[in-house]
$ cat input08.tsv   # TSV, N, CA and C atoms
chain	number	residue	atom	x	y	z
A	1	MET	N	-47.53	-85.88	-15.26
A	1	MET	CA	-48.41	-85.93	-14.09
A	1	MET	C	-48.44	-84.55	-13.46
A	2	ASN	N	-49.61	-84.13	-13.10
A	2	ASN	CA	-49.78	-82.87	-12.39
A	2	ASN	C	-48.89	-82.90	-11.15
A	3	ALA	N	-48.08	-81.88	-10.97
A	3	ALA	CA	-47.17	-81.82	-9.82
A	3	ALA	C	-47.94	-81.92	-8.51
A	4	GLU	N	-49.17	-81.45	-8.49
A	4	GLU	CA	-50.00	-81.53	-7.29
A	4	GLU	C	-50.25	-82.98	-6.87
A	5	PHE	N	-50.16	-83.88	-7.82
A	5	PHE	CA	-50.47	-85.28	-7.53
A	5	PHE	C	-49.26	-86.10	-7.12
A	6	SER	N	-48.09	-85.48	-7.02
A	6	SER	CA	-46.88	-86.25	-6.71
A	6	SER	C	-46.94	-86.89	-5.32
A	7	SER	N	-47.49	-86.20	-4.34
A	7	SER	CA	-47.58	-86.80	-3.00
A	7	SER	C	-48.61	-87.92	-2.98
A	8	LEU	N	-49.69	-87.76	-3.73
A	8	LEU	CA	-50.68	-88.83	-3.85
A	8	LEU	C	-50.04	-90.05	-4.50
A	9	HIS	N	-49.30	-89.83	-5.54
A	9	HIS	CA	-48.60	-90.92	-6.23
A	9	HIS	C	-47.65	-91.64	-5.28
A	10	ALA	N	-46.89	-90.88	-4.51
A	10	ALA	CA	-45.93	-91.49	-3.57
A	10	ALA	C	-46.65	-92.32	-2.51
A	11	LEU	N	-47.77	-91.82	-2.01
A	11	LEU	CA	-48.53	-92.56	-1.00
A	11	LEU	C	-49.12	-93.85	-1.58
A	12	LEU	N	-49.62	-93.77	-2.79
A	12	LEU	CA	-50.18	-94.96	-3.43
A	12	LEU	C	-49.08	-96.01	-3.65
A	13	LYS	N	-47.91	-95.56	-4.09
A	13	LYS	CA	-46.79	-96.48	-4.27
A	13	LYS	C	-46.36	-97.09	-2.94
A	14	ARG	N	-46.33	-96.26	-1.90
A	14	ARG	CA	-45.94	-96.75	-0.57
A	14	ARG	C	-46.91	-97.83	-0.09
A	15	ARG	N	-48.18	-97.64	-0.34
A	15	ARG	CA	-49.18	-98.63	0.07
A	15	ARG	C	-48.94	-99.96	-0.63
A	16	VAL	N	-48.68	-99.92	-1.93
A	16	VAL	CA	-48.39	-101.14	-2.69
A	16	VAL	C	-47.14	-101.82	-2.13
A	17	GLU	N	-46.12	-101.04	-1.85
A	17	GLU	CA	-44.88	-101.59	-1.30
A	17	GLU	C	-45.12	-102.25	0.05
A	18	LEU	N	-45.91	-101.60	0.90
A	18	LEU	CA	-46.21	-102.17	2.22
A	18	LEU	C	-46.97	-103.49	2.10
A	19	ILE	N	-47.95	-103.52	1.23
A	19	ILE	CA	-48.75	-104.73	1.07
A	19	ILE	C	-47.88	-105.89	0.61
A	20	SER	N	-46.93	-105.61	-0.25
A	20	SER	CA	-46.10	-106.68	-0.79
A	20	SER	C	-44.88	-107.00	0.08
A	21	ASP	N	-44.70	-106.27	1.18
A	21	ASP	CA	-43.55	-106.50	2.06
A	21	ASP	C	-43.87	-107.60	3.07
A	22	HIS	N	-43.77	-108.83	2.61
A	22	HIS	CA	-44.10	-109.98	3.47
A	22	HIS	C	-43.07	-110.17	4.58
A	23	THR	N	-41.85	-109.74	4.36
A	23	THR	CA	-40.83	-109.84	5.40
A	23	THR	C	-41.23	-108.98	6.60
A	24	PHE	N	-41.61	-107.76	6.33
A	24	PHE	CA	-42.08	-106.85	7.38
A	24	PHE	C	-43.31	-107.43	8.07
A	25	ARG	N	-44.26	-107.87	7.26
A	25	ARG	CA	-45.51	-108.43	7.81
A	25	ARG	C	-45.23	-109.63	8.71
A	26	ASP	N	-44.37	-110.53	8.26
A	26	ASP	CA	-44.09	-111.74	9.04
A	26	ASP	C	-43.28	-111.45	10.30
A	27	ALA	N	-42.42	-110.44	10.23
A	27	ALA	CA	-41.57	-110.12	11.38
A	27	ALA	C	-42.30	-109.28	12.42
A	28	ASP	N	-43.24	-108.44	11.98
A	28	ASP	CA	-43.91	-107.52	12.91
A	28	ASP	C	-45.32	-107.24	12.40
A	29	ARG	N	-46.20	-108.16	12.68
A	29	ARG	CA	-47.59	-108.02	12.19
A	29	ARG	C	-48.25	-106.73	12.66
A	30	ALA	N	-48.07	-106.40	13.92
A	30	ALA	CA	-48.70	-105.18	14.46
A	30	ALA	C	-48.10	-103.94	13.81
A	31	GLY	N	-46.80	-103.91	13.64
A	31	GLY	CA	-46.14	-102.77	13.00
A	31	GLY	C	-46.54	-102.63	11.55
A	32	HIS	N	-46.67	-103.77	10.88
A	32	HIS	CA	-47.09	-103.77	9.48
A	32	HIS	C	-48.51	-103.21	9.36
A	33	LEU	N	-49.39	-103.67	10.23
A	33	LEU	CA	-50.77	-103.18	10.21
A	33	LEU	C	-50.82	-101.69	10.54
A	34	ALA	N	-50.02	-101.26	11.50
A	34	ALA	CA	-49.97	-99.84	11.86
A	34	ALA	C	-49.48	-99.00	10.68
A	35	ALA	N	-48.48	-99.49	9.96
A	35	ALA	CA	-47.97	-98.77	8.80
A	35	ALA	C	-49.03	-98.67	7.70
A	36	LEU	N	-49.77	-99.76	7.49
A	36	LEU	CA	-50.85	-99.74	6.51
A	36	LEU	C	-51.95	-98.76	6.92
A	37	GLN	N	-52.28	-98.75	8.20
A	37	GLN	CA	-53.30	-97.81	8.68
A	37	GLN	C	-52.83	-96.37	8.50
A	38	GLN	N	-51.56	-96.13	8.78
A	38	GLN	CA	-51.03	-94.77	8.64
A	38	GLN	C	-51.09	-94.30	7.19
A	39	VAL	N	-50.64	-95.15	6.27
A	39	VAL	CA	-50.66	-94.73	4.87
A	39	VAL	C	-52.09	-94.56	4.38
A	40	SER	N	-53.02	-95.37	4.88
A	40	SER	CA	-54.43	-95.21	4.51
A	40	SER	C	-54.99	-93.88	5.00
A	41	GLU	N	-54.63	-93.48	6.21
A	41	GLU	CA	-55.07	-92.19	6.74
A	41	GLU	C	-54.48	-91.04	5.92
A	42	LEU	N	-53.20	-91.16	5.59
A	42	LEU	CA	-52.56	-90.12	4.78
A	42	LEU	C	-53.20	-90.04	3.40
A	43	LEU	N	-53.54	-91.18	2.83
A	43	LEU	CA	-54.23	-91.18	1.54
A	43	LEU	C	-55.59	-90.48	1.65
A	44	GLY	N	-56.30	-90.75	2.72
A	44	GLY	CA	-57.60	-90.10	2.93
A	44	GLY	C	-57.45	-88.59	3.03
A	45	ASN	N	-56.45	-88.15	3.77
A	45	ASN	CA	-56.20	-86.71	3.91
A	45	ASN	C	-55.80	-86.07	2.59
A	46	GLU	N	-54.96	-86.78	1.84
A	46	GLU	CA	-54.52	-86.26	0.55
A	46	GLU	C	-55.69	-86.20	-0.43
A	47	HIS	N	-56.56	-87.18	-0.37
A	47	HIS	CA	-57.75	-87.18	-1.22
A	47	HIS	C	-58.61	-85.96	-0.91
A	48	LEU	N	-58.82	-85.69	0.36
A	48	LEU	CA	-59.62	-84.52	0.73
A	48	LEU	C	-58.97	-83.22	0.25
A	49	ARG	N	-57.66	-83.14	0.39
A	49	ARG	CA	-56.94	-81.93	-0.02
A	49	ARG	C	-57.04	-81.70	-1.54
A	50	LEU	N	-56.92	-82.79	-2.28
A	50	LEU	CA	-56.89	-82.68	-3.74
A	50	LEU	C	-58.26	-82.76	-4.41
A	51	ARG	N	-59.27	-83.12	-3.67
A	51	ARG	CA	-60.59	-83.36	-4.27
A	51	ARG	C	-61.04	-82.26	-5.23
A	52	PRO	N	-60.84	-80.98	-4.92
A	52	PRO	CA	-61.33	-79.95	-5.86
A	52	PRO	C	-60.68	-79.98	-7.24
A	53	ILE	N	-59.48	-80.56	-7.35
A	53	ILE	CA	-58.79	-80.54	-8.64
A	53	ILE	C	-58.64	-81.93	-9.27
A	54	LEU	N	-59.17	-82.94	-8.62
A	54	LEU	CA	-59.03	-84.31	-9.14
A	54	LEU	C	-59.92	-84.54	-10.36
A	55	PRO	N	-59.39	-85.23	-11.36
A	55	PRO	CA	-60.25	-85.67	-12.45
A	55	PRO	C	-61.33	-86.60	-11.88
A	56	PRO	N	-62.54	-86.57	-12.42
A	56	PRO	CA	-63.64	-87.37	-11.86
A	56	PRO	C	-63.32	-88.85	-11.70
A	57	ARG	N	-62.65	-89.43	-12.69
A	57	ARG	CA	-62.35	-90.87	-12.61
A	57	ARG	C	-61.38	-91.17	-11.46
A	58	LEU	N	-60.36	-90.35	-11.31
A	58	LEU	CA	-59.41	-90.54	-10.21
A	58	LEU	C	-60.10	-90.34	-8.87
A	59	ASN	N	-60.95	-89.35	-8.77
A	59	ASN	CA	-61.72	-89.13	-7.55
A	59	ASN	C	-62.55	-90.36	-7.21
A	60	HIS	N	-63.20	-90.93	-8.22
A	60	HIS	CA	-64.01	-92.13	-8.02
A	60	HIS	C	-63.17	-93.27	-7.46
A	61	PHE	N	-62.01	-93.51	-8.05
A	61	PHE	CA	-61.15	-94.59	-7.57
A	61	PHE	C	-60.78	-94.37	-6.10
A	62	LEU	N	-60.47	-93.14	-5.74
A	62	LEU	CA	-60.08	-92.85	-4.36
A	62	LEU	C	-61.27	-92.98	-3.41
A	63	GLN	N	-62.43	-92.53	-3.84
A	63	GLN	CA	-63.63	-92.67	-3.01
A	63	GLN	C	-63.94	-94.12	-2.72
A	64	GLN	N	-63.72	-94.98	-3.71
A	64	GLN	CA	-64.03	-96.40	-3.57
A	64	GLN	C	-62.86	-97.19	-2.99
A	65	ALA	N	-61.80	-96.50	-2.61
A	65	ALA	CA	-60.58	-97.15	-2.08
A	65	ALA	C	-60.01	-98.15	-3.08
A	66	SER	N	-60.14	-97.83	-4.36
A	66	SER	CA	-59.55	-98.63	-5.42
A	66	SER	C	-58.16	-98.05	-5.71
A	67	PHE	N	-57.27	-98.26	-4.74
A	67	PHE	CA	-55.98	-97.59	-4.79
A	67	PHE	C	-55.09	-98.09	-5.91
A	68	SER	N	-55.17	-99.36	-6.26
A	68	SER	CA	-54.38	-99.87	-7.38
A	68	SER	C	-54.85	-99.23	-8.68
A	69	LYS	N	-56.16	-99.07	-8.82
A	69	LYS	CA	-56.70	-98.42	-10.02
A	69	LYS	C	-56.29	-96.95	-10.06
A	70	ALA	N	-56.27	-96.30	-8.91
A	70	ALA	CA	-55.85	-94.90	-8.85
A	70	ALA	C	-54.39	-94.77	-9.28
A	71	LEU	N	-53.55	-95.68	-8.81
A	71	LEU	CA	-52.14	-95.65	-9.19
A	71	LEU	C	-51.99	-95.92	-10.69
A	72	ASP	N	-52.72	-96.88	-11.20
A	72	ASP	CA	-52.70	-97.16	-12.64
A	72	ASP	C	-53.15	-95.94	-13.44
A	73	TYR	N	-54.18	-95.26	-12.96
A	73	TYR	CA	-54.68	-94.07	-13.63
A	73	TYR	C	-53.58	-93.01	-13.72
A	74	LEU	N	-52.88	-92.79	-12.61
A	74	LEU	CA	-51.81	-91.79	-12.61
A	74	LEU	C	-50.69	-92.19	-13.57
A	75	HIS	N	-50.34	-93.46	-13.60
A	75	HIS	CA	-49.30	-93.93	-14.52
A	75	HIS	C	-49.74	-93.77	-15.97
A	76	GLU	N	-50.97	-94.16	-16.27
A	76	GLU	CA	-51.47	-94.06	-17.64
A	76	GLU	C	-51.51	-92.62	-18.13
A	77	ASN	N	-51.91	-91.72	-17.26
A	77	ASN	CA	-51.97	-90.32	-17.66
A	77	ASN	C	-50.58	-89.73	-17.84
A	78	GLN	N	-49.63	-90.16	-17.04
A	78	GLN	CA	-48.25	-89.70	-17.20
A	78	GLN	C	-47.69	-90.19	-18.53
A	79	LEU	N	-47.94	-91.46	-18.84
A	79	LEU	CA	-47.44	-92.00	-20.11
A	79	LEU	C	-48.07	-91.28	-21.29
A	80	ALA	N	-49.36	-91.01	-21.21
A	80	ALA	CA	-50.04	-90.30	-22.30
A	80	ALA	C	-49.44	-88.90	-22.49
A	81	ARG	N	-49.15	-88.23	-21.41
A	81	ARG	CA	-48.55	-86.88	-21.50
A	81	ARG	C	-47.15	-86.96	-22.05
A	82	ASP	N	-46.36	-87.94	-21.56
A	82	ASP	CA	-44.98	-88.09	-22.03
A	82	ASP	C	-44.96	-88.35	-23.53
A	83	GLU	N	-45.86	-89.21	-24.01
A	83	GLU	CA	-45.90	-89.53	-25.43
A	83	GLU	C	-46.33	-88.33	-26.26
A	84	GLY	N	-47.20	-87.50	-25.71
A	84	GLY	CA	-47.67	-86.33	-26.42
A	84	GLY	C	-46.63	-85.23	-26.51
A	85	GLU	N	-45.68	-85.23	-25.59
A	85	GLU	CA	-44.65	-84.18	-25.57
A	85	GLU	C	-43.48	-84.51	-26.49
A	86	VAL	N	-43.39	-85.73	-26.95
A	86	VAL	CA	-42.23	-86.13	-27.77
A	86	VAL	C	-42.39	-85.63	-29.18

$ encode --input "input08.tsv" --output "structure tokens"
Amino acid sequence: MNAEFSSLHALLKRRVELISDHTFRDADRAGHLAALQQVSELLGNEHLRLRPILPPRLNHFLQQASFSKALDYLHENQLARDEGEV
């Protein structure tokens, strides 16, 4: 994975973790929503920062807020690179 994309990857993973954290959601709905909003804003900022170097498909996923697909894309590309280096 391009080192430039490591923060994007971390934010995408954080979003997935937040969505699946039902304990947090059930205990503090407002805090859970605030955390989701924060990670969404950070993702938007990271998208803008990286836009000039993003592969077109990854850019498309981020533009459409298809964050799970963006995360899958990053994982698939990492696996392809890892397999090619062996």

$ atom_distance --input "input08.tsv" --atom1 "atom N of A:Ser20" --atom2 "atom N of A:Arg49"
24.9 Å

$ select_by_dssp --input "input08.tsv" --residues "chain A" --states "alpha helix (DSSP H)" --output "ChimeraX atom specification"
/A:6-20,22-27,29-50,56-63,67-85

$ residues_around --input "input08.tsv" --residues "A:Ser40" --least-positions-apart "5" --cutoff "8 Å" --atoms "only N, CA and C atoms" --output "list of chain:residue names"
A:Leu11, A:Arg15, A:Ala34, A:Ala35, A:Asn45, A:Glu46

$ atom_distance --input "input08.tsv" --atom1 "atom CA of A:Arg14" --atom2 "atom CA of A:Leu74"
14.3 Å

$ atom_distance --input "input08.tsv" --atom1 "atom N of A:Thr23" --atom2 "atom CA of A:Gln38"
18.1 Å

$ closest_residue --input "input08.tsv" --among "A:Leu8, A:Leu42, A:Leu58, A:Val16" --to "A:Ala70" --atoms "only C-alpha atoms"
A:Leu58

$ closest_residue --input "input08.tsv" --among "A:Gly31, A:Ala3, A:Leu43, A:Asp21" --to "A:Phe67" --atoms "only C-alpha atoms"
A:Leu43

$ decode --input "input08.tsv" --residues "stretch 11-44 of chain A" --atoms "N, CA and C atoms" --output "PDB file, in the first residue's frame"
ATOM      1  N   LEU A  11      -8.368   5.605   8.912  1.00  0.00           N
ATOM      2  CA  LEU A  11      -9.678   6.253   9.085  1.00  0.00           C
ATOM      3  C   LEU A  11     -10.813   5.352   8.601  1.00  0.00           C
ATOM      4  N   LEU A  12     -10.606   4.683   7.491  1.00  0.00           N
ATOM      5  CA  LEU A  12     -11.632   3.774   6.974  1.00  0.00           C
ATOM      6  C   LEU A  12     -11.863   2.621   7.956  1.00  0.00           C
ATOM      7  N   LYS A  13     -10.775   2.084   8.510  1.00  0.00           N
ATOM      8  CA  LYS A  13     -10.910   1.014   9.497  1.00  0.00           C
ATOM      9  C   LYS A  13     -11.619   1.521  10.750  1.00  0.00           C
ATOM     10  N   ARG A  14     -11.280   2.733  11.179  1.00  0.00           N
ATOM     11  CA  ARG A  14     -11.913   3.315  12.367  1.00  0.00           C
ATOM     12  C   ARG A  14     -13.415   3.462  12.155  1.00  0.00           C
ATOM     13  N   ARG A  15     -13.810   3.873  10.968  1.00  0.00           N
ATOM     14  CA  ARG A  15     -15.233   4.030  10.670  1.00  0.00           C
ATOM     15  C   ARG A  15     -15.965   2.691  10.778  1.00  0.00           C
ATOM     16  N   VAL A  16     -15.373   1.646  10.217  1.00  0.00           N
ATOM     17  CA  VAL A  16     -15.972   0.306  10.298  1.00  0.00           C
ATOM     18  C   VAL A  16     -16.083  -0.127  11.763  1.00  0.00           C
ATOM     19  N   GLU A  17     -15.038   0.107  12.525  1.00  0.00           N
ATOM     20  CA  GLU A  17     -15.052  -0.257  13.942  1.00  0.00           C
ATOM     21  C   GLU A  17     -16.144   0.490  14.697  1.00  0.00           C
ATOM     22  N   LEU A  18     -16.291   1.778  14.417  1.00  0.00           N
ATOM     23  CA  LEU A  18     -17.329   2.571  15.085  1.00  0.00           C
ATOM     24  C   LEU A  18     -18.724   2.063  14.747  1.00  0.00           C
ATOM     25  N   ILE A  19     -18.947   1.785  13.488  1.00  0.00           N
ATOM     26  CA  ILE A  19     -20.268   1.319  13.063  1.00  0.00           C
ATOM     27  C   ILE A  19     -20.620   0.013  13.759  1.00  0.00           C
ATOM     28  N   SER A  20     -19.644  -0.849  13.928  1.00  0.00           N
ATOM     29  CA  SER A  20     -19.924  -2.155  14.529  1.00  0.00           C
ATOM     30  C   SER A  20     -19.865  -2.145  16.055  1.00  0.00           C
ATOM     31  N   ASP A  21     -19.547  -1.002  16.654  1.00  0.00           N
ATOM     32  CA  ASP A  21     -19.450  -0.913  18.116  1.00  0.00           C
ATOM     33  C   ASP A  21     -20.829  -0.629  18.720  1.00  0.00           C
ATOM     34  N   HIS A  22     -21.621  -1.673  18.830  1.00  0.00           N
ATOM     35  CA  HIS A  22     -22.982  -1.527  19.348  1.00  0.00           C
ATOM     36  C   HIS A  22     -22.999  -1.192  20.836  1.00  0.00           C
ATOM     37  N   THR A  23     -21.978  -1.598  21.555  1.00  0.00           N
ATOM     38  CA  THR A  23     -21.897  -1.269  22.979  1.00  0.00           C
ATOM     39  C   THR A  23     -21.785   0.242  23.150  1.00  0.00           C
ATOM     40  N   PHE A  24     -20.902   0.852  22.398  1.00  0.00           N
ATOM     41  CA  PHE A  24     -20.743   2.309  22.428  1.00  0.00           C
ATOM     42  C   PHE A  24     -22.043   2.982  22.008  1.00  0.00           C
ATOM     43  N   ARG A  25     -22.608   2.515  20.902  1.00  0.00           N
ATOM     44  CA  ARG A  25     -23.850   3.104  20.388  1.00  0.00           C
ATOM     45  C   ARG A  25     -24.972   3.023  21.418  1.00  0.00           C
ATOM     46  N   ASP A  26     -25.131   1.868  22.042  1.00  0.00           N
ATOM     47  CA  ASP A  26     -26.217   1.685  23.005  1.00  0.00           C
ATOM     48  C   ASP A  26     -25.995   2.474  24.292  1.00  0.00           C
ATOM     49  N   ALA A  27     -24.735   2.629  24.678  1.00  0.00           N
ATOM     50  CA  ALA A  27     -24.435   3.337  25.925  1.00  0.00           C
ATOM     51  C   ALA A  27     -24.460   4.846  25.758  1.00  0.00           C
ATOM     52  N   ASP A  28     -24.104   5.336  24.566  1.00  0.00           N
ATOM     53  CA  ASP A  28     -23.989   6.792  24.360  1.00  0.00           C
ATOM     54  C   ASP A  28     -24.301   7.105  22.903  1.00  0.00           C
ATOM     55  N   ARG A  29     -25.565   7.162  22.595  1.00  0.00           N
ATOM     56  CA  ARG A  29     -25.977   7.401  21.199  1.00  0.00           C
ATOM     57  C   ARG A  29     -25.422   8.710  20.644  1.00  0.00           C
ATOM     58  N   ALA A  30     -25.475   9.760  21.429  1.00  0.00           N
ATOM     59  CA  ALA A  30     -24.976  11.061  20.959  1.00  0.00           C
ATOM     60  C   ALA A  30     -23.465  11.016  20.746  1.00  0.00           C
ATOM     61  N   GLY A  31     -22.750  10.400  21.657  1.00  0.00           N
ATOM     62  CA  GLY A  31     -21.298  10.285  21.522  1.00  0.00           C
ATOM     63  C   GLY A  31     -20.904   9.427  20.336  1.00  0.00           C
ATOM     64  N   HIS A  32     -21.665   8.366  20.128  1.00  0.00           N
ATOM     65  CA  HIS A  32     -21.419   7.482  18.986  1.00  0.00           C
ATOM     66  C   HIS A  32     -21.630   8.245  17.680  1.00  0.00           C
ATOM     67  N   LEU A  33     -22.720   8.978  17.608  1.00  0.00           N
ATOM     68  CA  LEU A  33     -23.000   9.766  16.404  1.00  0.00           C
ATOM     69  C   LEU A  33     -21.929  10.832  16.190  1.00  0.00           C
ATOM     70  N   ALA A  34     -21.507  11.480  17.267  1.00  0.00           N
ATOM     71  CA  ALA A  34     -20.453  12.500  17.166  1.00  0.00           C
ATOM     72  C   ALA A  34     -19.146  11.881  16.661  1.00  0.00           C
ATOM     73  N   ALA A  35     -18.818  10.684  17.141  1.00  0.00           N
ATOM     74  CA  ALA A  35     -17.600  10.012  16.697  1.00  0.00           C
ATOM     75  C   ALA A  35     -17.691   9.652  15.212  1.00  0.00           C
ATOM     76  N   LEU A  36     -18.862   9.195  14.780  1.00  0.00           N
ATOM     77  CA  LEU A  36     -19.055   8.890  13.357  1.00  0.00           C
ATOM     78  C   LEU A  36     -18.945  10.149  12.501  1.00  0.00           C
ATOM     79  N   GLN A  37     -19.516  11.240  12.988  1.00  0.00           N
ATOM     80  CA  GLN A  37     -19.422  12.499  12.242  1.00  0.00           C
ATOM     81  C   GLN A  37     -17.972  12.957  12.152  1.00  0.00           C
ATOM     82  N   GLN A  38     -17.244  12.807  13.249  1.00  0.00           N
ATOM     83  CA  GLN A  38     -15.843  13.235  13.248  1.00  0.00           C
ATOM     84  C   GLN A  38     -15.012  12.426  12.252  1.00  0.00           C
ATOM     85  N   VAL A  39     -15.173  11.110  12.277  1.00  0.00           N
ATOM     86  CA  VAL A  39     -14.388  10.293  11.351  1.00  0.00           C
ATOM     87  C   VAL A  39     -14.801  10.569   9.905  1.00  0.00           C
ATOM     88  N   SER A  40     -16.073  10.874   9.672  1.00  0.00           N
ATOM     89  CA  SER A  40     -16.518  11.220   8.319  1.00  0.00           C
ATOM     90  C   SER A  40     -15.882  12.526   7.847  1.00  0.00           C
ATOM     91  N   GLU A  41     -15.783  13.507   8.727  1.00  0.00           N
ATOM     92  CA  GLU A  41     -15.131  14.773   8.377  1.00  0.00           C
ATOM     93  C   GLU A  41     -13.645  14.553   8.086  1.00  0.00           C
ATOM     94  N   LEU A  42     -12.998  13.742   8.920  1.00  0.00           N
ATOM     95  CA  LEU A  42     -11.585  13.449   8.702  1.00  0.00           C
ATOM     96  C   LEU A  42     -11.378  12.711   7.383  1.00  0.00           C
ATOM     97  N   LEU A  43     -12.281  11.802   7.067  1.00  0.00           N
ATOM     98  CA  LEU A  43     -12.203  11.104   5.775  1.00  0.00           C
ATOM     99  C   LEU A  43     -12.349  12.089   4.615  1.00  0.00           C
ATOM    100  N   GLY A  44     -13.264  13.018   4.743  1.00  0.00           N
ATOM    101  CA  GLY A  44     -13.444  14.027   3.698  1.00  0.00           C
ATOM    102  C   GLY A  44     -12.191  14.859   3.507  1.00  0.00           C
TER     103      GLY A  44
END
